[in-house]
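Dropping data.pdb in here (PDB, C-alpha atoms):
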```pdb
ATOM      1  CA  MET A  17      25.304 -46.957  20.427
ATOM      2  CA  ALA A  18      24.699 -44.628  23.374
ATOM      3  CA  VAL A  19      21.355 -42.809  23.436
ATOM      4  CA  PRO A  20      21.309 -39.368  25.130
ATOM      5  CA  ALA A  21      19.536 -39.392  28.483
ATOM      6  CA  ASP A  22      16.840 -36.825  27.584
ATOM      7  CA  ALA A  23      16.098 -38.575  24.267
ATOM      8  CA  ARG A  24      15.707 -41.869  26.154
ATOM      9  CA  LYS A  25      13.419 -40.158  28.671
ATOM     10  CA  ARG A  26      11.343 -38.691  25.822
ATOM     11  CA  ALA A  27      11.046 -42.111  24.164
ATOM     12  CA  GLU A  28       9.884 -43.666  27.423
ATOM     13  CA  GLU A  29       7.251 -41.083  28.283
ATOM     14  CA  PRO A  30       3.636 -41.680  27.162
ATOM     15  CA  PRO A  31       2.678 -39.909  23.876
ATOM     16  CA  ALA A  32       0.079 -37.810  25.699
ATOM     17  CA  ALA A  33       2.826 -36.115  27.732
ATOM     18  CA  ARG A  34       4.477 -34.610  24.636
ATOM     19  CA  PRO A  35       1.778 -32.086  23.677
ATOM     20  CA  ARG A  36       1.466 -31.230  27.380
ATOM     21  CA  ARG A  37       5.183 -30.379  27.486
ATOM     22  CA  ALA A  38       4.874 -28.328  24.289
ATOM     23  CA  GLY A  39       1.965 -26.468  25.876
ATOM     24  CA  VAL A  40       4.019 -25.695  28.973
ATOM     25  CA  ARG A  41       6.866 -24.398  26.791
ATOM     26  CA  ALA A  42       4.463 -22.176  24.805
ATOM     27  CA  ARG A  43       3.022 -20.782  28.043
ATOM     28  CA  GLN A  44       6.524 -20.046  29.336
ATOM     29  CA  GLU A  45       7.338 -18.317  26.047
ATOM     30  CA  ASP A  46       4.117 -16.267  26.247
ATOM     31  CA  ALA A  47       4.886 -15.263  29.839
ATOM     32  CA  ARG A  48       8.390 -14.171  28.793
ATOM     33  CA  PHE A  49       6.916 -12.093  25.957
ATOM     34  CA  GLU A  50       4.357 -10.484  28.260
ATOM     35  CA  ARG A  51       7.081  -9.570  30.767
ATOM     36  CA  LEU A  52       9.089  -7.961  27.960
ATOM     37  CA  VAL A  53       6.244  -5.956  26.433
ATOM     38  CA  TYR A  54       4.996  -4.802  29.830
ATOM     39  CA  GLU A  55       7.173  -1.806  28.929
ATOM     40  CA  ARG A  56       5.021   0.166  26.475
ATOM     41  CA  VAL A  57       7.801   1.261  24.123
ATOM     42  CA  ARG A  58       8.762  -2.368  23.540
ATOM     43  CA  LEU A  59       5.141  -3.284  22.805
ATOM     44  CA  GLY A  60       4.917  -0.362  20.390
ATOM     45  CA  MET A  61       8.175  -1.363  18.700
ATOM     46  CA  MET A  62       6.839  -4.869  18.130
ATOM     47  CA  GLY A  63       3.629  -3.423  16.644
ATOM     48  CA  ALA A  64       5.456  -0.945  14.412
ATOM     49  CA  LEU A  65       7.861  -3.613  13.167
ATOM     50  CA  ALA A  66       4.920  -5.899  12.415
ATOM     51  CA  ALA A  67       3.507  -3.208  10.133
ATOM     52  CA  ARG A  68       6.749  -2.457   8.284
ATOM     53  CA  ASP A  69       9.415  -4.752   6.877
ATOM     54  CA  GLU A  70      12.157  -2.744   8.476
ATOM     55  CA  LEU A  71      12.495   0.388  10.584
ATOM     56  CA  SER A  72      15.662   2.357  11.127
ATOM     57  CA  PHE A  73      16.879   3.467  14.538
ATOM     58  CA  SER A  74      16.031   7.103  13.735
ATOM     59  CA  GLU A  75      12.528   6.179  12.516
ATOM     60  CA  LEU A  76      11.841   4.278  15.743
ATOM     61  CA  LYS A  77      13.238   7.145  17.788
ATOM     62  CA  GLU A  78      10.934   9.597  16.019
ATOM     63  CA  LEU A  79       7.942   7.275  16.396
ATOM     64  CA  PHE A  80       8.275   6.753  20.137
ATOM     65  CA  GLN A  81       9.975  10.026  21.106
ATOM     66  CA  VAL A  82      12.617   8.375  23.266
ATOM     67  CA  SER A  83      16.304   9.075  23.758
ATOM     68  CA  ASP A  84      19.032   7.142  21.919
ATOM     69  CA  GLY A  85      20.029   5.365  25.134
ATOM     70  CA  ASN A  86      16.470   4.355  25.975
ATOM     71  CA  LEU A  87      15.748   3.057  22.504
ATOM     72  CA  SER A  88      19.032   1.118  22.397
ATOM     73  CA  ALA A  89      18.214  -0.536  25.716
ATOM     74  CA  HIS A  90      14.693  -1.529  24.602
ATOM     75  CA  ALA A  91      15.926  -2.782  21.247
ATOM     76  CA  ARG A  92      18.694  -4.812  22.917
ATOM     77  CA  LYS A  93      16.186  -6.533  25.202
ATOM     78  CA  LEU A  94      13.978  -7.498  22.252
ATOM     79  CA  GLU A  95      17.035  -8.601  20.309
ATOM     80  CA  GLU A  96      18.328 -10.742  23.195
ATOM     81  CA  ALA A  97      14.930 -12.426  23.410
ATOM     82  CA  GLY A  98      15.159 -13.215  19.694
ATOM     83  CA  TYR A  99      12.089 -11.152  18.783
ATOM     84  CA  VAL A 100      13.857  -8.610  16.590
ATOM     85  CA  SER A 101      16.993  -8.701  14.493
ATOM     86  CA  CYS A 102      19.345  -5.793  14.009
ATOM     87  CA  SER A 103      21.443  -5.011  10.948
ATOM     88  CA  LYS A 104      24.105  -2.357  10.653
ATOM     89  CA  SER A 105      25.161  -0.816   7.367
ATOM     90  CA  PHE A 106      26.411   2.418   5.856
ATOM     91  CA  ALA A 107      24.241   4.761   3.793
ATOM     92  CA  ASP A 108      26.129   7.638   2.217
ATOM     93  CA  ARG A 109      29.041   7.013   4.633
ATOM     94  CA  ARG A 110      26.716   7.351   7.619
ATOM     95  CA  PRO A 111      26.056   4.372   9.874
ATOM     96  CA  ARG A 112      22.528   3.018   9.609
ATOM     97  CA  THR A 113      20.957   0.636  12.111
ATOM     98  CA  ALA A 114      17.793  -1.145  11.074
ATOM     99  CA  TYR A 115      15.490  -3.495  12.942
ATOM    100  CA  ARG A 116      13.244  -6.278  11.706
ATOM    101  CA  LEU A 117      10.798  -8.615  13.392
ATOM    102  CA  THR A 118      12.048 -12.208  13.481
ATOM    103  CA  PRO A 119       9.660 -15.140  12.804
ATOM    104  CA  THR A 120       9.810 -15.912  16.553
ATOM    105  CA  GLY A 121       8.868 -12.313  17.336
ATOM    106  CA  ARG A 122       6.010 -12.323  14.840
ATOM    107  CA  SER A 123       4.503 -15.529  16.204
ATOM    108  CA  ALA A 124       4.943 -14.316  19.813
ATOM    109  CA  LEU A 125       3.148 -11.067  18.923
ATOM    110  CA  ASN A 126       0.367 -12.977  17.144
ATOM    111  CA  ARG A 127      -0.120 -15.239  20.158
ATOM    112  CA  TYR A 128      -0.143 -12.187  22.437
ATOM    113  CA  LEU A 129      -2.791 -10.494  20.241
ATOM    114  CA  ASP A 130      -4.897 -13.676  20.267
ATOM    115  CA  HIS A 131      -4.589 -13.785  24.037
ATOM    116  CA  VAL A 132      -5.544 -10.121  24.473
ATOM    117  CA  GLU A 133      -8.517 -10.504  22.121
ATOM    118  CA  ALA A 134      -9.622 -13.616  24.018
ATOM    119  CA  VAL A 135      -9.491 -11.698  27.303
ATOM    120  CA  ILE A 136     -11.630  -8.908  25.846
ATOM    121  CA  ARG A 137     -14.136 -11.387  24.356
ATOM    122  CA  ALA A 138     -14.370 -13.368  27.583
ATOM    123  CA  THR A 139     -14.920 -10.343  29.807
ATOM    124  CA  ARG A 140     -17.478  -8.782  27.448
ATOM    125  CA  ARG A 141     -19.471 -12.013  27.274
ATOM    126  CA  ARG A 142     -20.177 -11.830  31.024
TER     127      ARG A 142
ATOM    128  CA  MET B  12     -12.618 -14.485  44.372
ATOM    129  CA  SER B  13     -12.125 -11.685  41.899
ATOM    130  CA  SER B  14     -14.893  -9.119  41.801
ATOM    131  CA  GLY B  15     -16.594  -7.648  38.743
ATOM    132  CA  SER B  16     -14.476  -4.517  38.923
ATOM    133  CA  SER B  17     -11.197  -6.445  38.530
ATOM    134  CA  THR B  18     -12.460  -8.141  35.341
ATOM    135  CA  VAL B  19     -13.433  -4.770  33.925
ATOM    136  CA  THR B  20      -9.906  -3.506  34.697
ATOM    137  CA  LEU B  21      -8.382  -6.524  32.964
ATOM    138  CA  ASP B  22     -10.628  -5.926  29.958
ATOM    139  CA  ALA B  23      -9.761  -2.223  29.859
ATOM    140  CA  HIS B  24      -6.040  -2.983  30.139
ATOM    141  CA  ALA B  25      -6.239  -5.482  27.269
ATOM    142  CA  ALA B  26      -8.203  -3.031  25.120
ATOM    143  CA  ALA B  27      -5.706  -0.256  25.880
ATOM    144  CA  ASN B  28      -2.843  -2.531  24.804
ATOM    145  CA  LEU B  29      -4.649  -3.390  21.576
ATOM    146  CA  ARG B  30      -5.271   0.303  20.879
ATOM    147  CA  TYR B  31      -1.613   1.095  21.545
ATOM    148  CA  ILE B  32      -0.422  -1.635  19.170
ATOM    149  CA  ARG B  33      -2.848  -0.423  16.500
ATOM    150  CA  SER B  34      -1.716   3.209  16.856
ATOM    151  CA  SER B  35       1.960   2.154  16.701
ATOM    152  CA  MET B  36       1.274   0.192  13.522
ATOM    153  CA  GLN B  37      -0.572   3.120  11.962
ATOM    154  CA  ALA B  38       2.160   5.577  12.902
ATOM    155  CA  ALA B  39       4.760   3.294  11.344
ATOM    156  CA  THR B  40       2.917   3.119   8.057
ATOM    157  CA  THR B  41       2.883   6.715   6.897
ATOM    158  CA  VAL B  42       2.241   7.222   3.203
ATOM    159  CA  PRO B  43       5.503   7.509   1.285
ATOM    160  CA  VAL B  44       5.582  10.555  -1.001
ATOM    161  CA  PRO B  45       7.326   9.593  -4.234
ATOM    162  CA  GLY B  46       9.563  12.365  -5.558
ATOM    163  CA  ALA B  47       8.958  11.041  -9.079
ATOM    164  CA  ALA B  48       5.222  11.823  -8.796
ATOM    165  CA  ALA B  49       5.896  15.425  -7.750
ATOM    166  CA  LEU B  50       8.501  15.838 -10.520
ATOM    167  CA  THR B  51       6.145  14.480 -13.191
ATOM    168  CA  MET B  52       3.283  16.684 -12.008
ATOM    169  CA  GLY B  53       5.650  19.659 -11.979
ATOM    170  CA  VAL B  54       6.815  19.031 -15.533
ATOM    171  CA  ILE B  55       3.165  18.807 -16.655
ATOM    172  CA  GLY B  56       2.462  22.108 -14.848
ATOM    173  CA  LEU B  57       5.455  23.836 -16.455
ATOM    174  CA  THR B  58       4.362  22.538 -19.871
ATOM    175  CA  ALA B  59       0.838  23.928 -19.352
ATOM    176  CA  ALA B  60       2.252  27.290 -18.265
ATOM    177  CA  ALA B  61       4.523  27.378 -21.343
ATOM    178  CA  ILE B  62       1.621  26.543 -23.676
ATOM    179  CA  VAL B  63      -0.623  29.236 -22.183
ATOM    180  CA  ALA B  64       2.249  31.765 -22.377
ATOM    181  CA  THR B  65       2.202  31.564 -26.193
ATOM    182  CA  ASP B  66       0.123  34.255 -27.926
ATOM    183  CA  ALA B  67      -2.085  31.714 -29.698
ATOM    184  CA  MET B  68      -3.159  29.930 -26.497
ATOM    185  CA  GLN B  69      -3.577  32.813 -24.056
ATOM    186  CA  GLY B  70      -7.357  32.792 -24.479
ATOM    187  CA  SER B  71      -7.559  29.050 -23.844
ATOM    188  CA  TRP B  72      -5.857  29.018 -20.458
ATOM    189  CA  LEU B  73      -8.784  27.339 -18.705
ATOM    190  CA  PRO B  74      -9.081  24.201 -20.934
ATOM    191  CA  VAL B  75      -5.269  23.900 -21.040
ATOM    192  CA  TRP B  76      -4.923  24.010 -17.253
ATOM    193  CA  LEU B  77      -7.942  21.715 -16.718
ATOM    194  CA  THR B  78      -6.406  19.158 -19.099
ATOM    195  CA  ALA B  79      -3.058  19.510 -17.314
ATOM    196  CA  ALA B  80      -4.772  18.956 -13.949
ATOM    197  CA  VAL B  81      -6.394  15.717 -15.124
ATOM    198  CA  VAL B  82      -3.186  14.429 -16.757
ATOM    199  CA  ALA B  83      -1.111  15.332 -13.670
ATOM    200  CA  ALA B  84      -3.605  13.685 -11.298
ATOM    201  CA  VAL B  85      -3.630  10.459 -13.345
ATOM    202  CA  ALA B  86       0.169  10.414 -13.702
ATOM    203  CA  GLY B  87       0.723  11.142  -9.995
ATOM    204  CA  SER B  88      -1.757   8.434  -8.940
ATOM    205  CA  LEU B  89      -0.181   5.855 -11.256
ATOM    206  CA  ILE B  90       3.315   6.603  -9.935
ATOM    207  CA  MET B  91       2.099   6.371  -6.338
ATOM    208  CA  ALA B  92       0.318   3.079  -7.053
ATOM    209  CA  ARG B  93       3.502   1.709  -8.623
ATOM    210  CA  GLN B  94       5.580   2.779  -5.618
ATOM    211  CA  TYR B  95       3.058   1.080  -3.353
ATOM    212  CA  ALA B  96       3.244  -2.113  -5.389
ATOM    213  CA  LEU B  97       7.062  -2.027  -5.278
ATOM    214  CA  ARG B  98       7.028  -1.620  -1.495
ATOM    215  CA  ASP B  99       4.414  -4.348  -1.159
ATOM    216  CA  LEU B 100       2.005  -2.013   0.635
ATOM    217  CA  PRO B 101      -1.723  -2.693   0.258
ATOM    218  CA  LEU B 102      -3.609  -0.126  -1.823
ATOM    219  CA  LEU B 103      -6.328   1.621   0.199
ATOM    220  CA  ALA B 104      -4.644   0.708   3.470
ATOM    221  CA  ALA B 105      -5.550   2.942   6.433
ATOM    222  CA  PRO B 106      -2.830   5.612   5.867
ATOM    223  CA  LEU B 107      -3.693   5.925   2.182
ATOM    224  CA  ARG B 108      -7.402   6.228   2.966
ATOM    225  CA  LYS B 109      -6.471   8.970   5.431
ATOM    226  CA  LEU B 110      -4.457  10.736   2.713
ATOM    227  CA  LEU B 111      -7.416  10.601   0.304
ATOM    228  CA  LEU B 112      -9.734  11.916   3.015
ATOM    229  CA  CYS B 113      -7.361  14.859   3.502
ATOM    230  CA  LEU B 114      -7.061  15.632  -0.214
ATOM    231  CA  LEU B 115     -10.534  15.010  -1.626
ATOM    232  CA  PRO B 116     -12.581  17.705   0.200
ATOM    233  CA  GLY B 117     -10.190  20.398  -1.082
ATOM    234  CA  PHE B 118     -10.321  18.999  -4.630
ATOM    235  CA  PHE B 119     -14.112  18.782  -4.493
ATOM    236  CA  ALA B 120     -14.403  22.382  -3.262
ATOM    237  CA  GLY B 121     -12.029  23.458  -6.056
ATOM    238  CA  ALA B 122     -14.186  21.741  -8.682
ATOM    239  CA  VAL B 123     -17.404  23.304  -7.329
ATOM    240  CA  LEU B 124     -15.856  26.795  -7.188
ATOM    241  CA  THR B 125     -14.489  26.412 -10.730
ATOM    242  CA  VAL B 126     -17.955  25.594 -12.078
ATOM    243  CA  ALA B 127     -19.535  28.440 -10.066
ATOM    244  CA  ASP B 128     -16.906  31.015 -11.072
ATOM    245  CA  PHE B 129     -17.097  29.939 -14.732
ATOM    246  CA  THR B 130     -20.911  30.075 -14.707
ATOM    247  CA  TYR B 131     -20.966  33.606 -13.283
ATOM    248  CA  GLY B 132     -18.020  34.836 -15.373
ATOM    249  CA  ASN B 133     -15.705  35.333 -12.411
ATOM    250  CA  LEU B 134     -12.692  33.811 -14.193
ATOM    251  CA  HIS B 135     -10.202  35.909 -12.222
ATOM    252  CA  ALA B 136     -10.938  33.939  -9.027
ATOM    253  CA  ILE B 137     -10.287  30.497 -10.560
ATOM    254  CA  PRO B 138      -6.440  30.321 -10.427
ATOM    255  CA  GLY B 139      -6.426  31.757  -6.896
ATOM    256  CA  SER B 140      -9.013  29.284  -5.616
ATOM    257  CA  TRP B 141      -7.144  26.360  -7.248
ATOM    258  CA  LEU B 142      -3.851  27.327  -5.633
ATOM    259  CA  LEU B 143      -5.451  28.139  -2.277
ATOM    260  CA  LEU B 144      -7.532  24.941  -2.011
ATOM    261  CA  TYR B 145      -4.733  22.721  -3.282
ATOM    262  CA  GLY B 146      -2.473  24.283  -0.647
ATOM    263  CA  CYS B 147      -5.049  23.645   2.092
ATOM    264  CA  ALA B 148      -5.422  20.022   0.919
ATOM    265  CA  LEU B 149      -1.639  19.577   1.076
ATOM    266  CA  ILE B 150      -1.449  21.053   4.577
ATOM    267  CA  ALA B 151      -4.115  18.559   5.701
ATOM    268  CA  ALA B 152      -2.279  15.755   3.873
ATOM    269  CA  SER B 153       0.912  16.462   5.795
ATOM    270  CA  ALA B 154      -0.583  14.538   8.750
ATOM    271  CA  PRO B 155      -0.441  11.072   7.142
ATOM    272  CA  THR B 156       2.622  11.889   4.997
ATOM    273  CA  ALA B 157       5.434  14.245   5.991
ATOM    274  CA  ALA B 158       5.822  17.729   7.463
ATOM    275  CA  SER B 159       7.480  18.890   4.223
ATOM    276  CA  VAL B 160       4.140  18.354   2.409
ATOM    277  CA  GLY B 161       2.652  20.923   4.796
ATOM    278  CA  TRP B 162       5.355  23.446   3.885
ATOM    279  CA  LEU B 163       4.640  22.860   0.194
ATOM    280  CA  GLY B 164       0.950  23.475   0.957
ATOM    281  CA  THR B 165       1.777  26.724   2.750
ATOM    282  CA  ALA B 166       3.668  27.949  -0.319
ATOM    283  CA  PHE B 167       0.615  27.118  -2.467
ATOM    284  CA  VAL B 168      -1.653  29.033  -0.080
ATOM    285  CA  ALA B 169       0.640  32.084  -0.348
ATOM    286  CA  LEU B 170       0.553  31.866  -4.155
ATOM    287  CA  GLY B 171      -3.241  31.474  -4.047
ATOM    288  CA  ILE B 172      -3.639  34.646  -1.999
ATOM    289  CA  GLY B 173      -1.319  36.389  -4.452
ATOM    290  CA  ALA B 174      -3.366  35.172  -7.417
ATOM    291  CA  LEU B 175      -6.599  36.489  -5.889
ATOM    292  CA  ILE B 176      -5.056  39.920  -5.281
ATOM    293  CA  LEU B 177      -2.848  40.381  -8.335
ATOM    294  CA  PRO B 178      -4.078  41.229 -11.880
ATOM    295  CA  ASP B 179      -4.963  38.690 -14.603
ATOM    296  CA  ALA B 180      -1.635  39.226 -16.372
ATOM    297  CA  VAL B 181       0.313  37.289 -13.738
ATOM    298  CA  GLN B 182      -2.191  34.456 -13.142
ATOM    299  CA  ASN B 183      -0.531  32.038 -15.566
ATOM    300  CA  LEU B 184       2.862  32.824 -14.068
ATOM    301  CA  LEU B 185       1.553  32.050 -10.574
ATOM    302  CA  LEU B 186      -0.092  28.812 -11.747
ATOM    303  CA  GLY B 187       3.179  27.790 -13.432
ATOM    304  CA  THR B 188       5.171  28.694 -10.308
ATOM    305  CA  GLY B 189       2.866  26.617  -8.108
ATOM    306  CA  PHE B 190       1.811  23.572 -10.098
ATOM    307  CA  GLY B 191       5.047  23.578 -12.128
ATOM    308  CA  ALA B 192       8.113  24.917 -10.333
ATOM    309  CA  LEU B 193       7.056  24.136  -6.746
ATOM    310  CA  HIS B 194       6.233  20.534  -7.640
ATOM    311  CA  VAL B 195       9.556  20.117  -9.457
ATOM    312  CA  LEU B 196      11.493  21.600  -6.517
ATOM    313  CA  PHE B 197       9.589  19.402  -4.078
ATOM    314  CA  GLY B 198      10.314  16.329  -6.190
ATOM    315  CA  ILE B 199      14.031  17.163  -6.170
ATOM    316  CA  PHE B 200      13.889  17.779  -2.409
ATOM    317  CA  ILE B 201      12.254  14.383  -1.774
ATOM    318  CA  PHE B 202      14.715  12.630  -4.073
ATOM    319  CA  GLU B 203      17.684  14.327  -2.380
ATOM    320  CA  ARG B 204      16.417  13.505   1.099
ATOM    321  CA  ARG B 205      15.786   9.862   0.278
ATOM    322  CA  HIS B 206      18.973   9.232  -1.630
ATOM    323  CA  GLY B 207      21.231  11.938  -0.219
ATOM    324  CA  ARG B 208      21.026  11.023   3.443
ATOM    325  CA  ALA B 209      19.195   7.867   4.399
ATOM    326  CA  GLY B 210      17.816   7.751   7.914
TER     327      GLY B 210
END
```
Can you dump the structure from the file as structure tokens?
Amino acid sequence: MAVPADARKRAEEPPAARPRRAGVRARQEDARFERLVYERVRLGMMGALAARDELSFSELKELFQVSDGNLSAHARKLEEAGYVSCSKSFADRRPRTAYRLTPTGRSALNRYLDHVEAVIRATRRR
Amino acid sequence: MSSGSSTVTLDAHAAANLRYIRSSMQAATTVPVPGAAALTMGVIGLTAAAIVATDAMQGSWLPVWLTAAVVAAVAGSLIMARQYALRDLPLLAAPLRKLLLCLLPGFFAGAVLTVADFTYGNLHAIPGSWLLLYGCALIAASAPTAASVGWLGTAFVALGIGALILPDAVQNLLLGTGFGALHVLFGIFIFERRHGRAG
């Protein structure tokens, strides 16, 4: 039976290399998250969605005082990264768009918060 | 090599981000105002006004309204606590603590003024001070809840001023209008807004 090339490579590499690779992947993920939330509205959206199960488009718009187009663009970027999920429904025959934090988004935000807190602790210790 | 000033900047930037996340989370968790609580409190207020309007109870308006206030406060709190439990929101979370901080000074001042006015026989001022201070508490409470709560408070303030100016004969009517009818109307308004057109 043929074994896929990357699986064979993984089997051949020393066990110590595996956590190293996982660490590299986590750092890449963290860097991607930091690039995304460099834009304040996106950081705020992640925070607000962490505090509430679900927030509608109009609630987010009211919270961050941004235009429909701006909010859509920010939400799309977070959605494309897999940090938030979007659901569309109808409430009283009016379209309703709601956003939720995905498990990936929640863990990325938690890691980011840990990182930020670590930076503050480290600099204050000096 | 990075200087001391660049580490301070990094620290300040991190702290600013943390503050921004915290403020976004707090803004997202405003206290929901249950229409059912306002409706229940309104029905209790209307009942008290109806009882005091009868010839036999006109002299006992103060104990009737004090009892109604306690019953309405307990009922409203229980309904709010139930709504919180249903929405899986922690009791005494930051927004709710903020709401209590907005409401309690007004309630405390109302209680002190009631005792003082009763002690010195100034019964005429009691309904006015209740309506006025409750209105002020609601206006303050609109910050962690909704702007509509502020409008309700403004209506109470107007009734309170009216009660202080107008004769004793209309005091029960004003109390019933405020603590009864206004609460009922507000409850219907909240219910309509939540179920009539979801955001």
**Request:** Kindly resolve the PyMOL selection byres ((chain B) within 6 of (chain A)) on the present coordinates and return the residues as a ChimeraX atom specification.
**Result:** /B:22,25,32,35-36,39,209
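Excluding Gly121 (chain B) and any residue on its chain fewer than 2 positions from it, the residues at most 8 Å away by only C-alpha atoms are Gly117, Phe118, Phe119, Val123, Leu124, Thr125, Ser140, Trp141, Leu144 and Tyr145 of chain B.
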**Asked** Which polymer residues have any atom within 10 Å of an atom of Asn86 (chain A), counting all atoms listed in the file, with same-chain residues fewer than 5 positions away left out, as an MDAnalysis selection string?
**Response** chainID A and resid 57 77 81 91:92
**Asked** Any chance you could work out the residue set of the PyMOL selection byres ((chain B and resi 138) around 9) here, as number ranges by chain?
**Response** B: 125, 134-137, 139-143, 171, 174-175, 182-183, 185-186
Could you save those same residues with C-alpha atoms as a tab-separated table (two decimals), keeping the file's coordinate frame?
```tsv
chain	number	residue	atom	x	y	z
B	125	THR	CA	-14.49	26.41	-10.73
B	134	LEU	CA	-12.69	33.81	-14.19
B	135	HIS	CA	-10.20	35.91	-12.22
B	136	ALA	CA	-10.94	33.94	-9.03
B	137	ILE	CA	-10.29	30.50	-10.56
B	139	GLY	CA	-6.43	31.76	-6.90
B	140	SER	CA	-9.01	29.28	-5.62
B	141	TRP	CA	-7.14	26.36	-7.25
B	142	LEU	CA	-3.85	27.33	-5.63
B	143	LEU	CA	-5.45	28.14	-2.28
B	171	GLY	CA	-3.24	31.47	-4.05
B	174	ALA	CA	-3.37	35.17	-7.42
B	175	LEU	CA	-6.60	36.49	-5.89
B	182	GLN	CA	-2.19	34.46	-13.14
B	183	ASN	CA	-0.53	32.04	-15.57
B	185	LEU	CA	1.55	32.05	-10.57
B	186	LEU	CA	-0.09	28.81	-11.75
```
**Prompt:** Quick one, how far is CA of Ser159 (chain B) from CA of Ile176 (chain B)?
**Reply:**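 If I compute the distance from CA of Ser159 (chain B) to CA of Ile176 (chain B), I get 26.3 Å.
Each of B:Thr165, B:Ser153, B:Ser34, B:Thr130 was checked against Leu112 (chain B) using only C-alpha atoms; the smallest atom-to-atom distance is that of B:Ser153.
Under the PyMOL selection byres ((chain A and resi 99) around 8), the matching residues in the shown file are Leu94, Glu95, Glu96, Ala97, Gly98, Val100, Ser101, Leu117, Thr118, Pro119, Thr120, Gly121, Arg122 and Ala124 of chain A.
The space separating CA of Ala157 (chain B) from CA of Arg58 (chain A) comes to 24.4 Å.
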Can you put N, CA and C atoms back into region 190-206 of chain B and show it as a short mmCIF file (atom, residue, chain, number, x, y, z; two decimals), in the frame of the given file?
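Now in selection16.cif:
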```cif
data_model
loop_
_atom_site.label_atom_id
_atom_site.label_comp_id
_atom_site.auth_asym_id
_atom_site.auth_seq_id
_atom_site.Cartn_x
_atom_site.Cartn_y
_atom_site.Cartn_z
N PHE B 190 1.99 24.95 -9.62
CA PHE B 190 1.81 23.57 -10.10
C PHE B 190 3.01 23.07 -10.90
N GLY B 191 3.85 24.00 -11.39
CA GLY B 191 5.05 23.58 -12.13
C GLY B 191 6.28 23.57 -11.24
N ALA B 192 6.82 24.79 -11.01
CA ALA B 192 8.11 24.92 -10.33
C ALA B 192 8.11 24.33 -8.92
N LEU B 193 7.07 24.64 -8.13
CA LEU B 193 7.06 24.14 -6.75
C LEU B 193 7.05 22.61 -6.70
N HIS B 194 6.26 22.00 -7.60
CA HIS B 194 6.23 20.53 -7.64
C HIS B 194 7.60 19.96 -8.02
N VAL B 195 8.23 20.59 -9.02
CA VAL B 195 9.56 20.12 -9.46
C VAL B 195 10.55 20.24 -8.30
N LEU B 196 10.57 21.40 -7.64
CA LEU B 196 11.49 21.60 -6.52
C LEU B 196 11.22 20.61 -5.39
N PHE B 197 9.95 20.35 -5.15
CA PHE B 197 9.59 19.40 -4.08
C PHE B 197 10.05 17.99 -4.46
N GLY B 198 9.87 17.65 -5.72
CA GLY B 198 10.31 16.33 -6.19
C GLY B 198 11.81 16.16 -6.00
N ILE B 199 12.56 17.21 -6.34
CA ILE B 199 14.03 17.16 -6.17
C ILE B 199 14.38 17.05 -4.68
N PHE B 200 13.66 17.81 -3.86
CA PHE B 200 13.89 17.78 -2.41
C PHE B 200 13.66 16.37 -1.85
N ILE B 201 12.56 15.74 -2.26
CA ILE B 201 12.25 14.38 -1.77
C ILE B 201 13.34 13.41 -2.24
N PHE B 202 13.71 13.54 -3.51
CA PHE B 202 14.72 12.63 -4.07
C PHE B 202 16.05 12.79 -3.33
N GLU B 203 16.43 14.04 -3.09
CA GLU B 203 17.68 14.33 -2.38
C GLU B 203 17.66 13.76 -0.96
N ARG B 204 16.52 13.95 -0.29
CA ARG B 204 16.42 13.50 1.10
C ARG B 204 16.48 11.98 1.19
N ARG B 205 15.83 11.33 0.22
CA ARG B 205 15.79 9.86 0.28
C ARG B 205 17.10 9.24 -0.12
N HIS B 206 17.74 9.85 -1.13
CA HIS B 206 18.97 9.23 -1.63
C HIS B 206 20.23 9.93 -1.15
#
```
